[in-house]
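Student: Once you've had a glance at the structure underneath, I'll fire off some questions.
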Amino acid sequence: MSQTYESPFADLLHNDPDPTETQEWIESVQAVIAHDGAERAHQLLQGMVEVTRRAGAHLPFAPTTEYINTIPVHLEPKTPGDQTMEWRIRSLIRWNAMAMVVRANRKPGDLGGHIASFASAATLYDVGFNHFWRGPEGDHPGDLICVQGHSSPGIYARSFLEGRLSESQLDHFRMEVDGRGISSYPHPWLMPDYWQVPTVSMGLGPIAAIYQARNWKYLEGRGLLPKTDRKVWCFLGDGECDEPESLGAISVAGREGLDNLVFVINCNLQRLDGPVRGNGKIIQELEGQFRGAGWNVIKTVWGSYWDPLLARDTQGKLRQLMMETVDGEYQNCKAFGGAYTREHFFGKYPETARMVANLSDDDIWRLNRGGHDPHKVYAAYDAATRMQGMPTVILAKTVKGYGMGASGESLNPTHGTKKMDDEAVRLFRDRFNVPVTDAQLADGQVPFYHPGKDSEEVQYMLERRKALGGFLPQRRRKASTSLEVPKLETYERLLKSTGEREISTTMAFVQMLNITLRDKQIGPRCVPIVADEARTFGMEGLFRQLGIYAPQGQKYKPVDRDQLMYYREDAAGQVLEEGITEAGAFSSWLACATSYSTNDLQMLPFYIYYSMFGFQRIGDSAWQAADMRARGFLLGATAGRTTLNGEGLQHEDGHSMVQAGLIPNCRSYDPTFSYEVVTIMQYGMQRMIAEQRDEYFYVTLMNENYPHPDMPEGSAEGIIKGMYLLKDAGKPKKSELRVQLLGSGTILREVIAAAELLDKDFGVTADIWSCPSFNELGRDGTDAIRHNRLHPEDKKPRKPYVTELLEGRQGPAIAATDYIRTYADQIREFVPMRYTVLGTDGFGRSDTRANLRRHFEVDRFHIAHAAIEALAKDGKMAAKDVTRAIKEYKIDVEKPNPIGV
């Protein structure tokens, strides 16, 4: 049979052994579509595929479709509103966004900024603001918009026209120190009434958006939030999708059918240094990934100017060409103009060359991409909002630096472009018809333009936002009602001695959590979160008690159903058992920890995990949580370098407390006894829930069992401040040798044991100090020193808390913790005596706790030896006493330094 068979689907018949038969099948499918619709045709074809597979044929899954728009022209809804007015508004926003960055970089200081990202995404935001995104005023709770960080100038420019931001604020873009400017990117910490979520650390916005959408489903399932049609809209770039966090959790959204989630990926084909996939097609790649993960994929590739050409493509040659052309070449087409595109794109085939023969080079250059066409974008958003049972991703093709001309349109350095010369500014003005005169642009000026609060443009914008429920972005600082938390006395039994019974601080936490869960007001707001380690932490009892959240309930009989603590899943479950994903579990925690702001509903999340897999693994997210003003508990279980015996280097944590101390609004503690755990966590609940302070707590927990004493009277204040006197050796006698021993976590027990050795073997007495937080002590001391430096004439200088406690005490001070020396060393400046610090610097390893503490030189023998050595340096003992301690305690002086590599 001849291969020249004429067909409107000629591309499908290429190399077909029997194109006539194939054509008959195609016509049959067309008849079904015409008579019964596309859905019926799809059902029939699925059945045929299944029959063929059962016959043994290998039919690979094709996750991608043609490189054209998903929504055909005849199914596009009519775009409402005044499109001429919206183009004028969009043009003014573009101008002011550009002017903001250019003005900032014509000042001394080179402040940076980005023009190209928003230039490519302006239409994507504009259509959402005008027609889809609901504010939180009235009956609707409002949508959550995760703005791509580099597009922030465009969001500010819109707010400027709306009257929410002043010209002075725009003129101080990226100049925040004196309180007049606006932040470089979305930062709720810096603009707490404005930005909803921080997103500029690329990859964190997408994963946080997924778990935020899931959290809304979780709260609805538990009856804590009413069911609504609110959505999370997350904007990200095609280059950003290379970040593992961007796509790493998309299967969660597909699996759980998060139809309240929309990703809008701005596919401008360029990342920071050049093409995203110069030799491939990023839109096709992303389509396959999202479709395979169970998402509804909407491709918005071509604008309306392409519709007539595609309608005339009866042989499929244009579609074939679109599929064959790689992104690097598409970038060239926009960078080099219409003549280049005619020759190097359309000119590849005679059929496609004839299709544009009657178009000028300017006409070809104006063939627009889908992300710049408000009608195509509206159709995509409309379909996304109506989708049920699946999350939606919109792959919108745009031009990076759209409108920047020779200054950066579709050029490799475009992303970092922050300056435009005078000619480029004038061309930008002319292209978007902005009413700024040449006189206003004289002498390098780039003025902002506002048409006036009573102008048609501004009134149109205000009317649209009023109809949609108020301005966006906007952020709620506090929940409308504060909650009363249980008093410390509620946990009385955990404040008392355990006697001979040995428990871990992990079990103390679990017992406290169980008591808290019984509180009628706070209990329902508690959200226990684990990353597949509940049994490790003794929390499996919560499975039956509270149920594990599963949106579809439990469709099977669990294998341990006949046991007391069986694995129970429930659509209204309270526990979030996230599987093996610290990033996902933390994102769930973050959604709960900011629920007061997004939902006006205070939640109290407790995320417990191996401490080594916390700040070290998700440190960027922990910083994001700080920026987002999160409130909740992070519990670093099996904390410390020597408490998780047997696990080894990658499990043993000697630095999480140092990492926690880097985050300004993270309050971090390393408690030893159950009463310390309870006191710290009750205080945290009071601060975060009752007082609504924007801080979160990191509390370490250990799996080592030992007896716990009664809570010393009057110790609560010191526990919170970070240090209190655990054992007072009494008033020293004149000739008595005395030392001050400080410790935290499980090493505090080694400190206690060292005091006994010193007394028994050398007649040295010791005051013993429990220091649950050297981080809190360090911050207090730094604050006191700064205050005194700035107030030199104060009659009563402020004293650091450490100084207050140790001043007047006798002897040197020795501190030992299960963390690197840096942790306890930060208070050195405030200790009014000789200060020696022991810590667990170096790589962890597997062994018994006793051997690990000997290896890292933080066991009782090394602590006692360090005390003798410090006394000798103070002239209170002799070198021979130090030598005797070395022999007495069998300290290996030839052992390599554990910090060595």
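Quick note on naming: the chains in the structure tokens go A, B, ... in the order shown, residues restart at 1 in each chain, and ligands are numbered from 1 in order of appearance.
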Report as an mmCIF file with C-alpha atoms, in the first residue's frame all protein, DNA and RNA residues lying within 6 Å of range 255-271 of chain A, evaluated on only C-alpha atoms, omitting residues in the same chain fewer than 5 positions from it.
Tutor:
```cif
data_model
loop_
_atom_site.group_PDB
_atom_site.id
_atom_site.type_symbol
_atom_site.label_atom_id
_atom_site.label_comp_id
_atom_site.auth_asym_id
_atom_site.auth_seq_id
_atom_site.Cartn_x
_atom_site.Cartn_y
_atom_site.Cartn_z
ATOM 1 C CA ALA A 213 -3.508 21.125 51.038
ATOM 2 C CA LYS A 231 -7.397 25.896 47.247
ATOM 3 C CA VAL A 232 -3.664 26.140 47.597
ATOM 4 C CA TRP A 233 -2.182 27.708 44.464
ATOM 5 C CA CYS A 234 1.548 27.114 44.223
ATOM 6 C CA PHE A 235 3.669 28.920 41.642
ATOM 7 C CA LEU A 236 7.044 27.548 40.686
ATOM 8 C CA GLY A 237 9.427 27.616 37.776
ATOM 9 C CA ASP A 238 10.373 24.813 35.426
ATOM 10 C CA GLY A 239 14.002 25.096 36.539
ATOM 11 C CA VAL A 276 16.245 24.103 31.589
ATOM 12 C CA GLN A 388 -12.594 16.879 41.552
ATOM 13 C CA GLY A 389 -10.666 13.986 43.006
ATOM 14 C CA MET A 390 -7.261 14.957 41.604
ATOM 15 C CA PRO A 391 -4.682 17.724 42.093
ATOM 16 C CA THR A 392 -4.004 19.831 39.015
ATOM 17 C CA VAL A 393 -0.779 21.057 37.491
ATOM 18 C CA ILE A 394 -0.836 23.771 34.838
ATOM 19 C CA LEU A 395 2.212 23.778 32.580
ATOM 20 C CA ALA A 396 2.210 27.271 31.110
ATOM 21 C CA LYS A 397 4.734 28.091 28.421
ATOM 22 C CA THR A 398 6.112 31.630 28.619
ATOM 23 C CA VAL A 399 9.078 33.759 27.599
ATOM 24 C CA LYS A 400 11.635 34.612 30.263
#
```
Student: Which neighbours of range 185-199 of chain A fall inside 6 Å, counting only C-alpha atoms, when residues of the same chain fewer than 5 positions from it are skipped, and could you give them as a count of residues only?
Tutor: 8
Student: For Leu45 in chain A, list every protein, DNA or RNA residue within 12 Å, evaluated using only C-alpha atoms, and leave out those in the same chain fewer than 5 positions away; present the list as a PyMOL selection string.
Tutor: chain A and resi 25-26+28-29+32-33+38-40+50-52
Student: Do you know which residues are at most 6 Å from Gly181 in chain A counting only C-alpha atoms, after dropping those on the same chain fewer than 5 positions away, and could you put them as a ChimeraX atom specification?
Tutor: /A:169,172-173,175-176
Student: For the residues in that selection, give me C-alpha atoms as a PDB file, in the first residue's frame.
Tutor:
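Listed below is the output, result_18.pdb:
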```pdb
ATOM      1  CA  GLN A 169       7.812  51.523  50.176  1.00  0.00           C
ATOM      2  CA  HIS A 172      12.818  51.218  49.367  1.00  0.00           C
ATOM      3  CA  PHE A 173      12.545  47.761  47.843  1.00  0.00           C
ATOM      4  CA  MET A 175      16.039  48.415  51.951  1.00  0.00           C
ATOM      5  CA  GLU A 176      14.454  47.167  55.161  1.00  0.00           C
TER       6      GLU A 176
END
```
Student: Mind checking which residues fall within 10 Å of Ser588 in chain A, counting only C-alpha atoms, ignoring those fewer than 2 positions away in the same chain, and posting them as an MDAnalysis selection string?
Tutor: chainID A and resid 207:215 527 529:530 576 578 582:586 590:593 605 607
Student: Could you save those same residues with N, CA and C atoms as a JSON list (two decimals), in the first residue's frame?
Tutor:
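part_28.json was written with the following content:
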```
[["chain", "number", "residue", "atom", "x", "y", "z"],
["A", 207, "ILE", "N", 6.64, 21.46, 48.17],
["A", 207, "ILE", "CA", 6.36, 20.40, 49.14],
["A", 207, "ILE", "C", 5.51, 20.93, 50.28],
["A", 208, "ALA", "N", 5.75, 22.17, 50.70],
["A", 208, "ALA", "CA", 4.92, 22.76, 51.75],
["A", 208, "ALA", "C", 3.48, 22.93, 51.26],
["A", 209, "ALA", "N", 3.30, 23.30, 50.00],
["A", 209, "ALA", "CA", 1.95, 23.47, 49.44],
["A", 209, "ALA", "C", 1.19, 22.15, 49.43],
["A", 210, "ILE", "N", 1.88, 21.08, 49.06],
["A", 210, "ILE", "CA", 1.23, 19.77, 49.02],
["A", 210, "ILE", "C", 0.73, 19.38, 50.41],
["A", 211, "TYR", "N", 1.58, 19.52, 51.40],
["A", 211, "TYR", "CA", 1.17, 19.11, 52.75],
["A", 211, "TYR", "C", 0.21, 20.11, 53.38],
["A", 212, "GLN", "N", 0.23, 21.36, 52.92],
["A", 212, "GLN", "CA", -0.77, 22.33, 53.38],
["A", 212, "GLN", "C", -2.15, 21.92, 52.88],
["A", 213, "ALA", "N", -2.23, 21.58, 51.59],
["A", 213, "ALA", "CA", -3.51, 21.13, 51.04],
["A", 213, "ALA", "C", -3.98, 19.86, 51.75],
["A", 214, "ARG", "N", -3.06, 18.96, 52.00],
["A", 214, "ARG", "CA", -3.41, 17.73, 52.72],
["A", 214, "ARG", "C", -3.87, 18.04, 54.14],
["A", 215, "ASN", "N", -3.22, 19.01, 54.77],
["A", 215, "ASN", "CA", -3.60, 19.37, 56.14],
["A", 215, "ASN", "C", -5.02, 19.90, 56.21],
["A", 527, "VAL", "N", -1.56, 17.36, 67.51],
["A", 527, "VAL", "CA", -1.34, 16.55, 66.31],
["A", 527, "VAL", "C", -0.02, 15.80, 66.47],
["A", 529, "ILE", "N", 2.88, 13.65, 65.21],
["A", 529, "ILE", "CA", 3.42, 13.39, 63.86],
["A", 529, "ILE", "C", 4.68, 12.54, 63.99],
["A", 530, "VAL", "N", 4.71, 11.46, 63.24],
["A", 530, "VAL", "CA", 5.91, 10.62, 63.22],
["A", 530, "VAL", "C", 6.25, 10.25, 61.77],
["A", 576, "LEU", "N", -0.64, 11.68, 62.53],
["A", 576, "LEU", "CA", -0.12, 11.73, 61.17],
["A", 576, "LEU", "C", 1.11, 10.84, 61.11],
["A", 578, "GLU", "N", 3.58, 9.51, 58.68],
["A", 578, "GLU", "CA", 3.90, 10.00, 57.35],
["A", 578, "GLU", "C", 4.73, 9.06, 56.50],
["A", 582, "GLU", "N", 11.25, 12.53, 56.30],
["A", 582, "GLU", "CA", 11.40, 13.62, 57.26],
["A", 582, "GLU", "C", 10.92, 14.95, 56.67],
["A", 583, "ALA", "N", 11.20, 15.16, 55.37],
["A", 583, "ALA", "CA", 10.77, 16.41, 54.74],
["A", 583, "ALA", "C", 9.26, 16.50, 54.69],
["A", 584, "GLY", "N", 8.60, 15.38, 54.40],
["A", 584, "GLY", "CA", 7.14, 15.39, 54.37],
["A", 584, "GLY", "C", 6.55, 15.56, 55.75],
["A", 585, "ALA", "N", 7.10, 14.85, 56.73],
["A", 585, "ALA", "CA", 6.58, 14.97, 58.10],
["A", 585, "ALA", "C", 6.76, 16.38, 58.62],
["A", 586, "PHE", "N", 7.92, 16.98, 58.31],
["A", 586, "PHE", "CA", 8.13, 18.36, 58.76],
["A", 586, "PHE", "C", 7.15, 19.30, 58.06],
["A", 590, "LEU", "N", 4.66, 21.85, 59.72],
["A", 590, "LEU", "CA", 4.63, 23.28, 59.38],
["A", 590, "LEU", "C", 3.20, 23.73, 59.08],
["A", 591, "ALA", "N", 2.44, 22.91, 58.37],
["A", 591, "ALA", "CA", 1.05, 23.27, 58.07],
["A", 591, "ALA", "C", 0.24, 23.41, 59.34],
["A", 592, "CYS", "N", 0.43, 22.48, 60.29],
["A", 592, "CYS", "CA", -0.27, 22.57, 61.57],
["A", 592, "CYS", "C", 0.23, 23.76, 62.39],
["A", 593, "ALA", "N", 1.54, 23.97, 62.35],
["A", 593, "ALA", "CA", 2.16, 25.01, 63.17],
["A", 593, "ALA", "C", 1.81, 26.41, 62.71],
["A", 605, "PRO", "N", 1.14, 20.95, 67.01],
["A", 605, "PRO", "CA", 1.78, 19.74, 66.46],
["A", 605, "PRO", "C", 3.00, 19.31, 67.27],
["A", 607, "TYR", "N", 6.05, 16.86, 66.45],
["A", 607, "TYR", "CA", 6.74, 16.01, 65.48],
["A", 607, "TYR", "C", 7.96, 15.40, 66.16]]
```
Student: If you run DSSP on the backbone, which residues of range 105-330 of chain A are alpha helix (DSSP H), as a ChimeraX atom specification?
Tutor: /A:116-131,152-162,167-171,204-221,244-247,250-255,282-292,307-311,317-324,327-330
Student: Could you list, as a VMD selection string, every residue within 12 Å of range 369-373 of chain A, counting only C-alpha atoms and ignoring same-chain residues fewer than 3 positions away?
Tutor: chain A and resid 67 to 71 79 83 86 to 87 90 118 to 127 264 to 269 298 to 307 330 to 331 333 to 334 364 to 366 376 to 381 394 to 403
Student: A:Thr803, A:Gln445, A:Asn368, A:Ser497: which is nearest Pro712 in chain A, counting only C-alpha atoms?
Tutor: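 Closest residue, counting only C-alpha atoms: A:Ser497.
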Student: Would you list, as a short mmCIF file (atom, residue, chain, number, x, y, z; two decimals) with N, CA and C atoms, in the first residue's frame, the residues of range 635-771 of chain A that end up in strand (DSSP E) under DSSP run on this structure's backbone?
Tutor:
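In the end it all went to result_10.cif:
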```cif
data_model
loop_
_atom_site.label_atom_id
_atom_site.label_comp_id
_atom_site.auth_asym_id
_atom_site.auth_seq_id
_atom_site.Cartn_x
_atom_site.Cartn_y
_atom_site.Cartn_z
N LEU A 635 10.50 17.30 68.48
CA LEU A 635 11.08 16.44 69.51
C LEU A 635 12.20 15.61 68.89
N GLY A 636 13.44 15.93 69.25
CA GLY A 636 14.58 15.21 68.72
C GLY A 636 14.89 14.00 69.58
N ALA A 637 14.31 12.87 69.23
CA ALA A 637 14.49 11.67 70.04
C ALA A 637 15.84 11.01 69.77
N CYS A 666 13.65 29.83 67.52
CA CYS A 666 13.55 28.44 67.97
C CYS A 666 14.10 28.37 69.39
N ARG A 667 13.27 27.95 70.33
CA ARG A 667 13.69 27.78 71.72
C ARG A 667 14.10 26.32 71.91
N SER A 668 15.34 26.07 72.27
CA SER A 668 15.85 24.69 72.26
C SER A 668 16.33 24.27 73.64
N TYR A 669 16.03 23.01 74.00
CA TYR A 669 16.33 22.49 75.33
C TYR A 669 16.80 21.04 75.25
N TYR A 696 8.92 28.54 68.11
CA TYR A 696 8.67 27.12 68.24
C TYR A 696 9.79 26.49 69.07
N PHE A 697 9.53 25.26 69.56
CA PHE A 697 10.40 24.65 70.54
C PHE A 697 11.02 23.36 70.00
N TYR A 698 12.32 23.24 70.23
CA TYR A 698 13.02 21.99 69.94
C TYR A 698 13.45 21.39 71.28
N VAL A 699 12.98 20.18 71.56
CA VAL A 699 13.29 19.52 72.83
C VAL A 699 13.90 18.16 72.52
N THR A 700 15.08 17.91 73.05
CA THR A 700 15.71 16.62 72.83
C THR A 700 15.15 15.58 73.80
N TYR A 724 19.92 25.77 86.47
CA TYR A 724 19.49 25.85 87.87
C TYR A 724 20.38 24.94 88.70
N LEU A 725 20.41 25.22 90.01
CA LEU A 725 21.25 24.46 90.92
C LEU A 725 20.55 23.15 91.28
N LEU A 726 21.12 22.06 90.83
CA LEU A 726 20.55 20.75 91.11
C LEU A 726 20.99 20.24 92.47
N LYS A 727 22.26 20.45 92.80
CA LYS A 727 22.77 20.02 94.10
C LYS A 727 23.73 21.07 94.64
N LEU A 737 38.29 22.12 98.83
CA LEU A 737 38.40 22.22 97.38
C LEU A 737 37.01 22.09 96.78
N ARG A 738 36.66 23.04 95.91
CA ARG A 738 35.30 23.08 95.37
C ARG A 738 35.36 23.31 93.86
N VAL A 739 34.46 22.65 93.13
CA VAL A 739 34.31 22.90 91.69
C VAL A 739 32.82 23.08 91.38
N GLN A 740 32.56 23.70 90.23
CA GLN A 740 31.20 23.86 89.72
C GLN A 740 31.07 22.95 88.50
N LEU A 741 30.17 21.98 88.58
CA LEU A 741 29.98 21.02 87.48
C LEU A 741 28.66 21.30 86.78
N LEU A 742 28.73 21.47 85.46
CA LEU A 742 27.55 21.78 84.65
C LEU A 742 27.34 20.67 83.64
N GLY A 743 26.07 20.31 83.39
CA GLY A 743 25.78 19.29 82.39
C GLY A 743 24.35 19.35 81.93
N VAL A 764 37.27 16.51 96.88
CA VAL A 764 36.79 17.71 96.19
C VAL A 764 35.27 17.70 96.19
N THR A 765 34.64 18.75 96.68
CA THR A 765 33.19 18.84 96.65
C THR A 765 32.74 19.63 95.42
N ALA A 766 31.50 19.39 95.02
CA ALA A 766 31.02 20.01 93.77
C ALA A 766 29.59 20.49 93.92
N ASP A 767 29.35 21.70 93.44
CA ASP A 767 27.98 22.15 93.18
C ASP A 767 27.61 21.63 91.80
N ILE A 768 26.43 21.08 91.67
CA ILE A 768 26.01 20.49 90.40
C ILE A 768 24.89 21.33 89.80
N TRP A 769 25.10 21.73 88.56
CA TRP A 769 24.14 22.57 87.85
C TRP A 769 23.58 21.82 86.66
N SER A 770 22.27 21.77 86.58
CA SER A 770 21.62 21.26 85.38
C SER A 770 21.42 22.43 84.42
#
```
Student: Nearest to Leu318 in chain A: which of A:Arg476, A:Arg779, A:Arg849, A:Lys348 is it, counting only C-alpha atoms?
Tutor: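 Closest to Leu318 in chain A of all the choices is A:Lys348.
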Student: Between A:Asp847, A:Glu463, A:Glu137, A:Asp171, which has the minimum distance to Gly648 in chain A (counting only C-alpha atoms)?
Tutor: A:Asp847
